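S.K.: Pasting a structure here, questions to come.
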Amino acid sequence: MRKPFFSDSCKETQLHALNPQSWLQVERGKLAKLASYSCNEPLVKVAEPPILPHFKPLDYVEILAQIHEELENSDVHDKASLYLLQFHVFRGLGEVKLLRRSLRSAWLNASTIHERLVFGAWLKYEKQGEELIADLLASCGKCTQEFGYLDIASSQLDFGAQGSQDIKTGDYNTIGLSDYVIFKIGDDKVECDRQKMAALSIPFRTMLNGCFTESSQEEIDLSENGISPLSMRAISEFSQTNELKDLPAESILEILSFANKFCCEKLKDVCDRKLAAMVCSRQDAVNLMEYALHENSPVTAASCLQVFLHDLPDCLNDEQVTSIFCNVDAHQRALMVGHASFSLFCFLSEVAMNSHPASDFTISFLERLVECASDIRQKQLALHQLACMRLLRKEYDKSRQLFDAAYQAGHVYSIAGLARVTCKRENQVSAYEKISSAIDSHNPLGWMYQERSLYCDSEKRWQDLEKATELDPTLVYPYMYRAAILMREENMQAALTEINRVLGFKLSLECLELRFCFYLLIEDYRSALSDIQAILTLNPQYRMFQGRVAASQLHTLVQEHVRPWTMADCWLQLYERWSSVDDIGSLSVIYQMLESDPVKGVLYFRQSLLLLRLNCPEAAMRSLQLARQHAATEPERLVYEGWILYDTGHCEEGLRKAEESLNLQRSFEAFFLKAYALADSSPDPSYSMKVISLLEDALKCPSDRLRKGQALNNLGSVYVECRKLDMAADCYINALKIRHTRAHQGLARVHYLNNNREAAYEEMTKLIEKAKNNASAYEKRSEYCDRDLTKEDLKMVTQLDPLRVYPYRYRAAVLMDNHEEKEAIAELTKAIAFKADLHLLHLRAAFHESIGDVSGALRDCRAALSLDPNHPEIMELHCRVHSQEP
């Protein structure tokens, strides 16, 4: 979901919201009045965690394994819908890259033109904002129009004419009948070949050659059949040539209606395709869709549908369009989208929930989705999504029925929605009991304890939230609640420590907002300003305090109470934060620099690098595009275009842009980009010398110390790969001299390769002491010490960043070495529950195989292949385990 989905609180959390209006009334220099509030009257509110409208199975590994197995054995016509289900599993897991890959697989495996239409448009929708990338690829001569319009009118898929065989006349006595027949239309007469007309359809054959009165007439009156002389002449010509000349749309519609009335299937098919080719705009599609549905014209309907889908989400603002989708019955749906009705309304619902979540047409789309669901998993998804939207609209009775139906169908996550509504309609005790029953009946997950915490007193709530964090440390609500309570108890340092725990591994806007409030309470306005600048970097349109105040307004007000830095101050502060690996602080400094520096391209580029390090790829791409937009020179612009292409997986095209830039001007960034792209473009070891040469050329060009430190660090890494350890050490030492702190890691590696583990350990200790965010440093240091210290370092890694998977794998491997198989598998299972990781699944599959659990190994292999279908080692393990299956 692109927008957060908030549900109503069923009760206050004992914390009160800061009134944003008080901010807007603060005069210059009087912001300190906020300090008059006691911490016993807290100014922050932690919103309850949202009920997400996602498919969240109790055991996603089991579901992914089932889908993979079904894909292996399914008919070609079922593959697209299976990939759609896989898409929804990945959506629930928050795996954006994987869900896009599933959509693409659905598109590639589409067995009908309707499926190809739906999934092609869906992929186009998912890639909104990436038009620049397509343009850049086009400038490199690479075609990117794979999701463009299909020529449906010319397509033979699914639309074969029903009456394609010739109509025989041999069963009728045609002796004595005239060779021609005249059709009278008003005062006009149209002469037709009797037998050619009879061959158009069985009704015409019966009329002209049968036992009816008309069979013996040379003139037949068709004035009451809604056909004009012009159209009738076109029909006569078609009967002789099998071709329909170009006519206005009105005439084609007349002929189509006439063809339907007289069952002229060939003529109808030709008219259908003629009309489909006339659909050029949304209004054309609106006008012709009504005729297509009324006249049973599948080609025109599909052509109109294509226009609507490619115009999403804008066309949802058109009542004519939404009315068409909302009002189609089952027959019309089949005509419009064939057997892809569920896929269509899945897509429409997704777009509508993102853009108009509380609208009537969103509800209507979801109701159609429920109708179209054909298996239990589709029903679970459809019922749960409709329940979420009903809850958003405060339609509690309807949402309760739907959540209950989804839960009864097997979607356990829906119990959370059912508990929310129960709390609204009954009491907290009933809600508590419902969640407790789910915890007792199933293998508990973190979200269950998080949800139950909402319905109990403060002591039990704290316990449940601790359990939630233990089971799923990625849930942000427990950290926020604990931090807010600690602040309320005036334990300010503990509150900041708690919220910093989650910000250390997950850059959450809502957590930054809460920390911003904390800094206001303790009157640390510089830190408050830093956080709101980071928020605006991530989302310039962000609104705080549950959407009531624009973050930009608060930024302006706080800024007035902080002494502004000069540009020289900013550079000093940036070096300080960069060297201490304070990425959020660095973002803040760059934001301030961008407000005053007219040469913005370089700064936007620096911003994009930070955002990539913070795992914010969408924001990073936005900054990179702004860098291109504000480039001061043509060579600089080409470099940023190259990075855009490189970061989106188009390595060769990125390399080409770097070379174009170098042809115009030798620059640090162009050499650096070329080195990066060249290193990725080929695994050939001989490329290492070329990369070294490029990085050395880069270092000879003017640049600031931040980038030169990065180049020296990268150069050191290439020297290590080439086993030139002395030269690598020189690079790392020079990088450290200009405060590139991360170079300690490279230098430690050199010490280790020189068989000096103690020096390597000490080098990593220096990095840990300097770096503000040092989970990776602890992880790396663990490689250079004995087993006991390794365990301690990896325990610290998991505390600092529970998303890093190496510590779980290491601990599991140690347990396996000690023949503690159950404990080893449990260690991996604990992490797999909240992180879909290929390596964790692969290792657990291997453990299952080693203890003879073939079904467990096979399940994990299949789930892992859902994450990476072409991983050679997992494919080999899967093949081996599959051969052992009884």
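Identifiers in the structure tokens: chain A, B, ... in order shown; residue index from 1 per chain; ligand index from 1 in order shown.
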Identify, on the basis of only C-alpha atoms, every residue whose closest approach to Tyr525 of chain A does not exceed 9 Å; exclude the query and any residue fewer than 3 positions from it along the same chain; express the result as JSON, numbers by chain.
M.R.: {"A": [516, 519, 520, 522, 528, 529, 530, 558, 559, 561, 562]}
S.K.: Applying 6 Å and only C-alpha atoms, which residues near segment 494-499 of chain A remain after dropping the ones on its own chain fewer than 3 positions away? List them as a list of chain:residue names.
M.R.: A:Tyr479, A:Ala483, A:Leu486, A:Met487, A:Asn491, A:Val502
S.K.: Can you tell me, as a list of chain:residue names, what residues are no more than 8 Å from Phe308 of chain A when counting only C-alpha atoms, ignoring any on the same chain fewer than 6 positions away?
M.R.: A:Arg282, A:Ala285, A:Cys315, A:Val321
S.K.: Produce a file of the selected residues containing all heavy atoms, as a CSV table (one decimal), in the first residue's frame.
M.R.:
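Saved file out37.csv follows:
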chain,number,residue,atom,x,y,z
A,282,ARG,N,-10.2,7.9,-23.6
A,282,ARG,CA,-11.1,7.4,-22.5
A,282,ARG,C,-12.5,7.6,-22.8
A,282,ARG,O,-13.4,6.8,-22.6
A,282,ARG,CB,-10.7,8.1,-21.2
A,282,ARG,CG,-11.5,7.6,-20.0
A,282,ARG,CD,-11.6,8.6,-18.8
A,282,ARG,NE,-10.2,8.9,-18.3
A,282,ARG,CZ,-10.0,9.8,-17.4
A,282,ARG,NH1,-11.0,10.5,-16.9
A,282,ARG,NH2,-8.8,10.1,-17.0
A,285,ALA,N,-13.7,5.0,-25.1
A,285,ALA,CA,-13.9,3.8,-24.4
A,285,ALA,C,-15.2,3.8,-23.6
A,285,ALA,O,-16.0,2.8,-23.5
A,285,ALA,CB,-12.7,3.5,-23.5
A,315,CYS,N,-8.3,7.6,-14.2
A,315,CYS,CA,-9.7,7.4,-14.6
A,315,CYS,C,-10.7,7.0,-13.5
A,315,CYS,O,-11.9,7.0,-13.7
A,315,CYS,CB,-9.7,6.3,-15.7
A,315,CYS,SG,-9.4,4.6,-15.1
A,321,VAL,N,-16.5,6.0,-15.7
A,321,VAL,CA,-15.7,4.8,-15.7
A,321,VAL,C,-16.0,3.9,-14.5
A,321,VAL,O,-16.2,2.7,-14.7
A,321,VAL,CB,-14.2,5.2,-15.8
A,321,VAL,CG1,-13.3,3.9,-15.6
A,321,VAL,CG2,-13.9,5.9,-17.0
S.K.: Near Ser111 of chain A, counting only C-alpha atoms, which residues have an atom at most 12 Å away, once you skip same-chain residues fewer than 5 positions from it, shown as a PDB file with all heavy atoms, in the first residue's frame?
M.R.:
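Dumped to selection.pdb:
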ATOM      1  N   ASP A  75      -1.671 -26.543 -14.874  1.00  0.00           N
ATOM      2  CA  ASP A  75      -1.945 -26.282 -16.281  1.00  0.00           C
ATOM      3  C   ASP A  75      -1.528 -24.858 -16.607  1.00  0.00           C
ATOM      4  O   ASP A  75      -1.524 -23.975 -15.749  1.00  0.00           O
ATOM      5  CB  ASP A  75      -3.445 -26.477 -16.550  1.00  0.00           C
ATOM      6  CG  ASP A  75      -3.776 -26.312 -18.015  1.00  0.00           C
ATOM      7  OD1 ASP A  75      -3.672 -27.290 -18.763  1.00  0.00           O
ATOM      8  OD2 ASP A  75      -4.142 -25.185 -18.394  1.00  0.00           O
ATOM      9  N   VAL A  76      -1.196 -24.605 -17.860  1.00  0.00           N
ATOM     10  CA  VAL A  76      -0.740 -23.280 -18.275  1.00  0.00           C
ATOM     11  C   VAL A  76      -1.769 -22.203 -17.972  1.00  0.00           C
ATOM     12  O   VAL A  76      -1.432 -21.055 -17.688  1.00  0.00           O
ATOM     13  CB  VAL A  76      -0.378 -23.292 -19.779  1.00  0.00           C
ATOM     14  CG1 VAL A  76      -1.626 -23.552 -20.634  1.00  0.00           C
ATOM     15  CG2 VAL A  76       0.275 -21.969 -20.188  1.00  0.00           C
ATOM     16  N   HIS A  77      -3.056 -22.571 -17.972  1.00  0.00           N
ATOM     17  CA  HIS A  77      -4.109 -21.580 -17.747  1.00  0.00           C
ATOM     18  C   HIS A  77      -4.196 -21.139 -16.281  1.00  0.00           C
ATOM     19  O   HIS A  77      -4.844 -20.130 -15.986  1.00  0.00           O
ATOM     20  CB  HIS A  77      -5.462 -22.147 -18.190  1.00  0.00           C
ATOM     21  CG  HIS A  77      -5.523 -22.483 -19.644  1.00  0.00           C
ATOM     22  ND1 HIS A  77      -5.500 -21.511 -20.627  1.00  0.00           N
ATOM     23  CD2 HIS A  77      -5.572 -23.672 -20.297  1.00  0.00           C
ATOM     24  CE1 HIS A  77      -5.554 -22.085 -21.814  1.00  0.00           C
ATOM     25  NE2 HIS A  77      -5.589 -23.401 -21.639  1.00  0.00           N
ATOM     26  N   ASP A  78      -3.556 -21.868 -15.373  1.00  0.00           N
ATOM     27  CA  ASP A  78      -3.646 -21.536 -13.946  1.00  0.00           C
ATOM     28  C   ASP A  78      -2.447 -20.768 -13.427  1.00  0.00           C
ATOM     29  O   ASP A  78      -2.471 -20.262 -12.303  1.00  0.00           O
ATOM     30  CB  ASP A  78      -3.796 -22.822 -13.124  1.00  0.00           C
ATOM     31  CG  ASP A  78      -5.074 -23.578 -13.463  1.00  0.00           C
ATOM     32  OD1 ASP A  78      -6.070 -22.908 -13.778  1.00  0.00           O
ATOM     33  OD2 ASP A  78      -5.054 -24.824 -13.413  1.00  0.00           O
ATOM     34  N   LYS A  79      -1.401 -20.672 -14.223  1.00  0.00           N
ATOM     35  CA  LYS A  79      -0.151 -20.114 -13.710  1.00  0.00           C
ATOM     36  C   LYS A  79      -0.284 -18.639 -13.331  1.00  0.00           C
ATOM     37  O   LYS A  79       0.236 -18.205 -12.297  1.00  0.00           O
ATOM     38  CB  LYS A  79       0.978 -20.302 -14.725  1.00  0.00           C
ATOM     39  CG  LYS A  79       1.420 -21.754 -14.866  1.00  0.00           C
ATOM     40  CD  LYS A  79       2.656 -21.874 -15.722  1.00  0.00           C
ATOM     41  CE  LYS A  79       3.077 -23.326 -15.899  1.00  0.00           C
ATOM     42  NZ  LYS A  79       3.496 -23.959 -14.639  1.00  0.00           N
ATOM     43  N   ALA A  80      -0.956 -17.858 -14.148  1.00  0.00           N
ATOM     44  CA  ALA A  80      -1.036 -16.416 -13.867  1.00  0.00           C
ATOM     45  C   ALA A  80      -1.721 -16.152 -12.535  1.00  0.00           C
ATOM     46  O   ALA A  80      -1.277 -15.309 -11.747  1.00  0.00           O
ATOM     47  CB  ALA A  80      -1.771 -15.708 -15.001  1.00  0.00           C
ATOM     48  N   SER A  81      -2.798 -16.878 -12.252  1.00  0.00           N
ATOM     49  CA  SER A  81      -3.513 -16.665 -10.997  1.00  0.00           C
ATOM     50  C   SER A  81      -2.674 -17.114  -9.801  1.00  0.00           C
ATOM     51  O   SER A  81      -2.769 -16.537  -8.708  1.00  0.00           O
ATOM     52  CB  SER A  81      -4.855 -17.398 -11.008  1.00  0.00           C
ATOM     53  OG  SER A  81      -4.680 -18.791 -11.161  1.00  0.00           O
ATOM     54  N   SER A 105       5.938 -12.251 -13.676  1.00  0.00           N
ATOM     55  CA  SER A 105       5.756 -13.666 -14.008  1.00  0.00           C
ATOM     56  C   SER A 105       4.313 -13.952 -14.410  1.00  0.00           C
ATOM     57  O   SER A 105       4.065 -14.740 -15.327  1.00  0.00           O
ATOM     58  CB  SER A 105       6.153 -14.543 -12.810  1.00  0.00           C
ATOM     59  OG  SER A 105       7.517 -14.405 -12.509  1.00  0.00           O
ATOM     60  N   ALA A 106       3.366 -13.305 -13.721  1.00  0.00           N
ATOM     61  CA  ALA A 106       1.957 -13.465 -14.093  1.00  0.00           C
ATOM     62  C   ALA A 106       1.729 -12.962 -15.501  1.00  0.00           C
ATOM     63  O   ALA A 106       1.016 -13.591 -16.297  1.00  0.00           O
ATOM     64  CB  ALA A 106       1.066 -12.720 -13.105  1.00  0.00           C
ATOM     65  N   ARG A 116      -3.177 -10.809 -20.019  1.00  0.00           N
ATOM     66  CA  ARG A 116      -2.027  -9.995 -20.453  1.00  0.00           C
ATOM     67  C   ARG A 116      -2.346  -8.508 -20.310  1.00  0.00           C
ATOM     68  O   ARG A 116      -1.488  -7.710 -19.918  1.00  0.00           O
ATOM     69  CB  ARG A 116      -1.684 -10.338 -21.906  1.00  0.00           C
ATOM     70  CG  ARG A 116      -0.317  -9.833 -22.323  1.00  0.00           C
ATOM     71  CD  ARG A 116       0.132 -10.483 -23.618  1.00  0.00           C
ATOM     72  NE  ARG A 116       1.438 -10.018 -24.022  1.00  0.00           N
ATOM     73  CZ  ARG A 116       2.594 -10.452 -23.544  1.00  0.00           C
ATOM     74  NH1 ARG A 116       2.592 -11.401 -22.629  1.00  0.00           N
ATOM     75  NH2 ARG A 116       3.740  -9.973 -23.975  1.00  0.00           N
ATOM     76  N   LEU A 117      -3.574  -8.129 -20.606  1.00  0.00           N
ATOM     77  CA  LEU A 117      -3.999  -6.732 -20.435  1.00  0.00           C
ATOM     78  C   LEU A 117      -3.908  -6.304 -18.976  1.00  0.00           C
ATOM     79  O   LEU A 117      -3.346  -5.256 -18.650  1.00  0.00           O
ATOM     80  CB  LEU A 117      -5.453  -6.571 -20.897  1.00  0.00           C
ATOM     81  CG  LEU A 117      -5.759  -6.361 -22.367  1.00  0.00           C
ATOM     82  CD1 LEU A 117      -7.253  -6.182 -22.551  1.00  0.00           C
ATOM     83  CD2 LEU A 117      -5.025  -5.158 -22.892  1.00  0.00           C
ATOM     84  N   VAL A 118      -4.487  -7.111 -18.104  1.00  0.00           N
ATOM     85  CA  VAL A 118      -4.567  -6.749 -16.687  1.00  0.00           C
ATOM     86  C   VAL A 118      -3.175  -6.661 -16.074  1.00  0.00           C
ATOM     87  O   VAL A 118      -2.822  -5.658 -15.439  1.00  0.00           O
ATOM     88  CB  VAL A 118      -5.433  -7.764 -15.902  1.00  0.00           C
ATOM     89  CG1 VAL A 118      -5.321  -7.512 -14.402  1.00  0.00           C
ATOM     90  CG2 VAL A 118      -6.890  -7.674 -16.357  1.00  0.00           C
ATOM     91  N   PHE A 119      -2.354  -7.688 -16.271  1.00  0.00           N
ATOM     92  CA  PHE A 119      -1.052  -7.702 -15.603  1.00  0.00           C
ATOM     93  C   PHE A 119      -0.072  -6.715 -16.246  1.00  0.00           C
ATOM     94  O   PHE A 119       0.794  -6.155 -15.551  1.00  0.00           O
ATOM     95  CB  PHE A 119      -0.484  -9.114 -15.588  1.00  0.00           C
ATOM     96  CG  PHE A 119      -1.258 -10.045 -14.701  1.00  0.00           C
ATOM     97  CD1 PHE A 119      -1.905 -11.167 -15.215  1.00  0.00           C
ATOM     98  CD2 PHE A 119      -1.386  -9.789 -13.349  1.00  0.00           C
ATOM     99  CE1 PHE A 119      -2.631 -12.014 -14.405  1.00  0.00           C
ATOM    100  CE2 PHE A 119      -2.115 -10.623 -12.521  1.00  0.00           C
ATOM    101  CZ  PHE A 119      -2.747 -11.739 -13.050  1.00  0.00           C
ATOM    102  N   LEU A 157      -6.366 -14.059 -30.396  1.00  0.00           N
ATOM    103  CA  LEU A 157      -6.496 -14.762 -29.128  1.00  0.00           C
ATOM    104  C   LEU A 157      -7.882 -14.581 -28.544  1.00  0.00           C
ATOM    105  O   LEU A 157      -8.357 -13.457 -28.393  1.00  0.00           O
ATOM    106  CB  LEU A 157      -5.446 -14.240 -28.135  1.00  0.00           C
ATOM    107  CG  LEU A 157      -3.984 -14.510 -28.497  1.00  0.00           C
ATOM    108  CD1 LEU A 157      -3.080 -13.842 -27.479  1.00  0.00           C
ATOM    109  CD2 LEU A 157      -3.715 -15.991 -28.546  1.00  0.00           C
ATOM    110  N   ASP A 158      -8.540 -15.653 -28.240  1.00  0.00           N
ATOM    111  CA  ASP A 158      -9.797 -15.665 -27.487  1.00  0.00           C
ATOM    112  C   ASP A 158     -10.994 -15.125 -28.253  1.00  0.00           C
ATOM    113  O   ASP A 158     -12.098 -15.128 -27.742  1.00  0.00           O
ATOM    114  CB  ASP A 158      -9.687 -14.833 -26.200  1.00  0.00           C
ATOM    115  CG  ASP A 158      -8.475 -15.214 -25.399  1.00  0.00           C
ATOM    116  OD1 ASP A 158      -8.148 -16.404 -25.340  1.00  0.00           O
ATOM    117  OD2 ASP A 158      -7.857 -14.314 -24.850  1.00  0.00           O
ATOM    118  N   GLY A 338     -13.118 -11.902 -19.848  1.00  0.00           N
ATOM    119  CA  GLY A 338     -12.962 -13.350 -19.949  1.00  0.00           C
ATOM    120  C   GLY A 338     -12.933 -14.016 -18.590  1.00  0.00           C
ATOM    121  O   GLY A 338     -13.764 -13.741 -17.728  1.00  0.00           O
ATOM    122  N   HIS A 339     -11.935 -14.898 -18.389  1.00  0.00           N
ATOM    123  CA  HIS A 339     -11.809 -15.623 -17.117  1.00  0.00           C
ATOM    124  C   HIS A 339     -10.889 -14.892 -16.128  1.00  0.00           C
ATOM    125  O   HIS A 339     -10.520 -15.475 -15.104  1.00  0.00           O
ATOM    126  CB  HIS A 339     -11.278 -17.034 -17.377  1.00  0.00           C
ATOM    127  CG  HIS A 339     -12.183 -17.866 -18.237  1.00  0.00           C
ATOM    128  ND1 HIS A 339     -13.438 -18.255 -17.819  1.00  0.00           N
ATOM    129  CD2 HIS A 339     -12.026 -18.359 -19.496  1.00  0.00           C
ATOM    130  CE1 HIS A 339     -14.021 -18.971 -18.779  1.00  0.00           C
ATOM    131  NE2 HIS A 339     -13.187 -19.050 -19.803  1.00  0.00           N
ATOM    132  N   ALA A 340     -10.549 -13.645 -16.440  1.00  0.00           N
ATOM    133  CA  ALA A 340      -9.618 -12.904 -15.580  1.00  0.00           C
ATOM    134  C   ALA A 340     -10.346 -11.919 -14.676  1.00  0.00           C
ATOM    135  O   ALA A 340      -9.775 -10.905 -14.273  1.00  0.00           O
ATOM    136  CB  ALA A 340      -8.591 -12.174 -16.436  1.00  0.00           C
TER     137      ALA A 340
END
S.K.: Nearest to Asp404 of chain A: which of A:Tyr808, A:Tyr761, A:Asp704, A:Leu386 is it, counting only C-alpha atoms?
M.R.: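 Closest to Asp404 of chain A of all the choices is A:Leu386.
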S.K.: Pick out the residues sitting within 8 Å of Ser866 of chain A, and hand them over as a list in words; count only C-alpha atoms, and ignore anything fewer than 4 positions along from it in its own chain.
M.R.: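 Those residues are Leu64, Ala65, His68 and Arg862 of chain A.
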S.K.: How about saving the chosen residues, N, CA, C and O atoms kept, as a tab-separated table (two decimals), in the first residue's frame?
M.R.:
chain	number	residue	atom	x	y	z
A	64	LEU	N	3.99	-20.22	0.32
A	64	LEU	CA	4.91	-20.06	-0.82
A	64	LEU	C	5.32	-21.42	-1.37
A	64	LEU	O	5.43	-21.60	-2.60
A	65	ALA	N	5.53	-22.38	-0.49
A	65	ALA	CA	5.89	-23.74	-0.94
A	65	ALA	C	4.74	-24.37	-1.71
A	65	ALA	O	4.94	-25.01	-2.75
A	68	HIS	N	4.57	-22.79	-5.15
A	68	HIS	CA	5.64	-23.28	-6.03
A	68	HIS	C	5.33	-24.68	-6.53
A	68	HIS	O	5.53	-24.99	-7.72
A	862	ARG	N	11.18	-25.20	-1.74
A	862	ARG	CA	10.16	-24.59	-2.61
A	862	ARG	C	9.92	-23.13	-2.24
A	862	ARG	O	9.77	-22.28	-3.13
S.K.: Ranking A:Tyr149, A:Trp447, A:Trp565, A:Phe183 by minimum distance to Ala277 of chain A and counting only C-alpha atoms, which one comes first?
M.R.: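 Comparing A:Tyr149, A:Trp447, A:Trp565, A:Phe183 against Ala277 of chain A, the winner is A:Tyr149.
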